[in-house]
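Shown here: model_21.cif, mmCIF, N, CA and C atoms.
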data_my_file
loop_
_atom_site.group_PDB
_atom_site.id
_atom_site.type_symbol
_atom_site.label_atom_id
_atom_site.label_comp_id
_atom_site.auth_asym_id
_atom_site.auth_seq_id
_atom_site.Cartn_x
_atom_site.Cartn_y
_atom_site.Cartn_z
ATOM 1 N N MET K 27 -18.940 -32.170 35.881
ATOM 2 C CA MET K 27 -18.892 -32.622 34.500
ATOM 3 C C MET K 27 -19.320 -34.084 34.433
ATOM 4 N N GLU K 28 -20.094 -34.421 33.412
ATOM 5 C CA GLU K 28 -20.552 -35.795 33.252
ATOM 6 C C GLU K 28 -19.412 -36.687 32.785
ATOM 7 N N ARG K 29 -19.435 -37.921 33.248
ATOM 8 C CA ARG K 29 -18.431 -38.883 32.820
ATOM 9 C C ARG K 29 -18.885 -39.501 31.508
ATOM 10 N N LEU K 30 -17.985 -39.552 30.539
ATOM 11 C CA LEU K 30 -18.300 -40.178 29.258
ATOM 12 C C LEU K 30 -17.896 -41.643 29.304
ATOM 13 N N LEU K 31 -18.669 -42.480 28.649
ATOM 14 C CA LEU K 31 -18.394 -43.913 28.602
ATOM 15 C C LEU K 31 -17.800 -44.284 27.253
ATOM 16 N N THR K 32 -16.946 -45.295 27.253
ATOM 17 C CA THR K 32 -16.412 -45.797 25.991
ATOM 18 C C THR K 32 -17.471 -46.657 25.309
ATOM 19 N N THR K 33 -17.247 -46.921 24.040
ATOM 20 C CA THR K 33 -18.151 -47.792 23.285
ATOM 21 C C THR K 33 -18.260 -49.151 23.964
ATOM 22 N N GLU K 34 -17.133 -49.657 24.421
ATOM 23 C CA GLU K 34 -17.107 -50.963 25.075
ATOM 24 C C GLU K 34 -17.888 -50.953 26.383
ATOM 25 N N GLU K 35 -17.755 -49.875 27.147
ATOM 26 C CA GLU K 35 -18.480 -49.767 28.415
ATOM 27 C C GLU K 35 -19.990 -49.716 28.198
ATOM 28 N N VAL K 36 -20.410 -48.971 27.182
ATOM 29 C CA VAL K 36 -21.841 -48.880 26.884
ATOM 30 C C VAL K 36 -22.369 -50.241 26.451
ATOM 31 N N ALA K 37 -21.630 -50.933 25.603
ATOM 32 C CA ALA K 37 -22.048 -52.256 25.135
ATOM 33 C C ALA K 37 -22.181 -53.228 26.303
ATOM 34 N N GLU K 38 -21.227 -53.200 27.203
ATOM 35 C CA GLU K 38 -21.278 -54.089 28.367
ATOM 36 C C GLU K 38 -22.467 -53.741 29.262
ATOM 37 N N TYR K 39 -22.691 -52.457 29.481
ATOM 38 C CA TYR K 39 -23.793 -52.002 30.331
ATOM 39 C C TYR K 39 -25.144 -52.418 29.758
ATOM 40 N N LEU K 40 -25.285 -52.298 28.438
ATOM 41 C CA LEU K 40 -26.552 -52.638 27.782
ATOM 42 C C LEU K 40 -26.638 -54.113 27.378
ATOM 43 N N ARG K 41 -25.536 -54.824 27.586
ATOM 44 C CA ARG K 41 -25.458 -56.252 27.235
ATOM 45 C C ARG K 41 -25.735 -56.499 25.759
ATOM 46 N N VAL K 42 -25.051 -55.720 24.936
ATOM 47 C CA VAL K 42 -25.116 -55.886 23.486
ATOM 48 C C VAL K 42 -23.685 -55.875 22.945
ATOM 49 N N GLU K 43 -23.547 -56.205 21.668
ATOM 50 C CA GLU K 43 -22.233 -56.197 21.037
ATOM 51 C C GLU K 43 -21.799 -54.757 20.737
ATOM 52 N N VAL K 44 -20.502 -54.547 20.662
ATOM 53 C CA VAL K 44 -19.950 -53.225 20.367
ATOM 54 C C VAL K 44 -20.466 -52.726 19.012
ATOM 55 N N ILE K 45 -20.571 -53.617 18.027
ATOM 56 C CA ILE K 45 -21.045 -53.218 16.698
ATOM 57 C C ILE K 45 -22.452 -52.634 16.763
ATOM 58 N N THR K 46 -23.270 -53.128 17.682
ATOM 59 C CA THR K 46 -24.627 -52.600 17.848
ATOM 60 C C THR K 46 -24.569 -51.146 18.287
ATOM 61 N N ILE K 47 -23.681 -50.847 19.220
ATOM 62 C CA ILE K 47 -23.517 -49.467 19.694
ATOM 63 C C ILE K 47 -23.041 -48.584 18.550
ATOM 64 N N ARG K 48 -22.085 -49.063 17.777
ATOM 65 C CA ARG K 48 -21.566 -48.272 16.652
ATOM 66 C C ARG K 48 -22.655 -47.992 15.629
ATOM 67 N N ARG K 49 -23.506 -48.968 15.366
ATOM 68 C CA ARG K 49 -24.612 -48.762 14.422
ATOM 69 C C ARG K 49 -25.578 -47.703 14.940
ATOM 70 N N LEU K 50 -25.897 -47.765 16.238
ATOM 71 C CA LEU K 50 -26.795 -46.769 16.826
ATOM 72 C C LEU K 50 -26.201 -45.369 16.727
ATOM 73 N N VAL K 51 -24.909 -45.260 16.944
ATOM 74 C CA VAL K 51 -24.221 -43.968 16.839
ATOM 75 C C VAL K 51 -24.259 -43.480 15.390
ATOM 76 N N ASN K 52 -23.959 -44.364 14.454
ATOM 77 C CA ASN K 52 -23.941 -43.977 13.038
ATOM 78 C C ASN K 52 -25.312 -43.531 12.547
ATOM 79 N N ARG K 53 -26.370 -44.113 13.090
ATOM 80 C CA ARG K 53 -27.736 -43.744 12.700
ATOM 81 C C ARG K 53 -28.225 -42.501 13.439
ATOM 82 N N GLY K 54 -27.433 -42.028 14.397
ATOM 83 C CA GLY K 54 -27.815 -40.841 15.150
ATOM 84 C C GLY K 54 -28.780 -41.136 16.286
ATOM 85 N N GLU K 55 -28.951 -42.408 16.624
ATOM 86 C CA GLU K 55 -29.873 -42.804 17.688
ATOM 87 C C GLU K 55 -29.228 -42.756 19.069
ATOM 88 N N LEU K 56 -27.909 -42.628 19.090
ATOM 89 C CA LEU K 56 -27.164 -42.576 20.345
ATOM 90 C C LEU K 56 -26.113 -41.477 20.197
ATOM 91 N N PRO K 57 -26.118 -40.477 21.078
ATOM 92 C CA PRO K 57 -25.136 -39.399 20.948
ATOM 93 C C PRO K 57 -23.727 -39.895 21.265
ATOM 94 N N ALA K 58 -22.753 -39.347 20.543
ATOM 95 C CA ALA K 58 -21.369 -39.776 20.760
ATOM 96 C C ALA K 58 -20.412 -38.643 20.420
ATOM 97 N N TYR K 59 -19.236 -38.691 21.035
ATOM 98 C CA TYR K 59 -18.160 -37.741 20.787
ATOM 99 C C TYR K 59 -16.884 -38.516 20.584
ATOM 100 N N ARG K 60 -16.004 -37.977 19.749
ATOM 101 C CA ARG K 60 -14.695 -38.615 19.536
ATOM 102 C C ARG K 60 -13.663 -37.943 20.409
#
As structure tokens, please, write out the structure in this file.
Amino acid sequence: MERLLTTEEVAEYLRVEVITIRRLVNRGELPAYR
């Protein structure tokens, strides 16, 4: 099974702010699960 990353982990990995990740998720540009 694949390991899922938290919003914070993705932001740190990509070196962007958490809000940027949330915007990408909201626009459907980044897949996410709750």
(request) Would you mind listing what lies within 12 Å of range 42-46 of chain K as a PyMOL selection string, with only C-alpha atoms counted and same-chain residues fewer than 5 positions away left out? (result) chain K and resi 32-37+51-53+55-56
(request) Pull the helix (DSSP H, G or I) assignments for chain K out of DSSP run on the backbone, and list those residues as a count of residues only. (result) 17
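Note that the spacing between atom N of Pro57 in chain K and atom N of Leu30 in chain K amounts to 12.5 Å.
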(request) May I ask for the distance between atom N of Met27 in chain K and atom N of Tyr39 in chain K, given in Å to one decimal place? (result)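 That distance, rounded to one decimal, is 21.6 Å.
Counting from CA of Arg60 in chain K, the distance to atom N of Arg41 in chain K is 21.1 Å.
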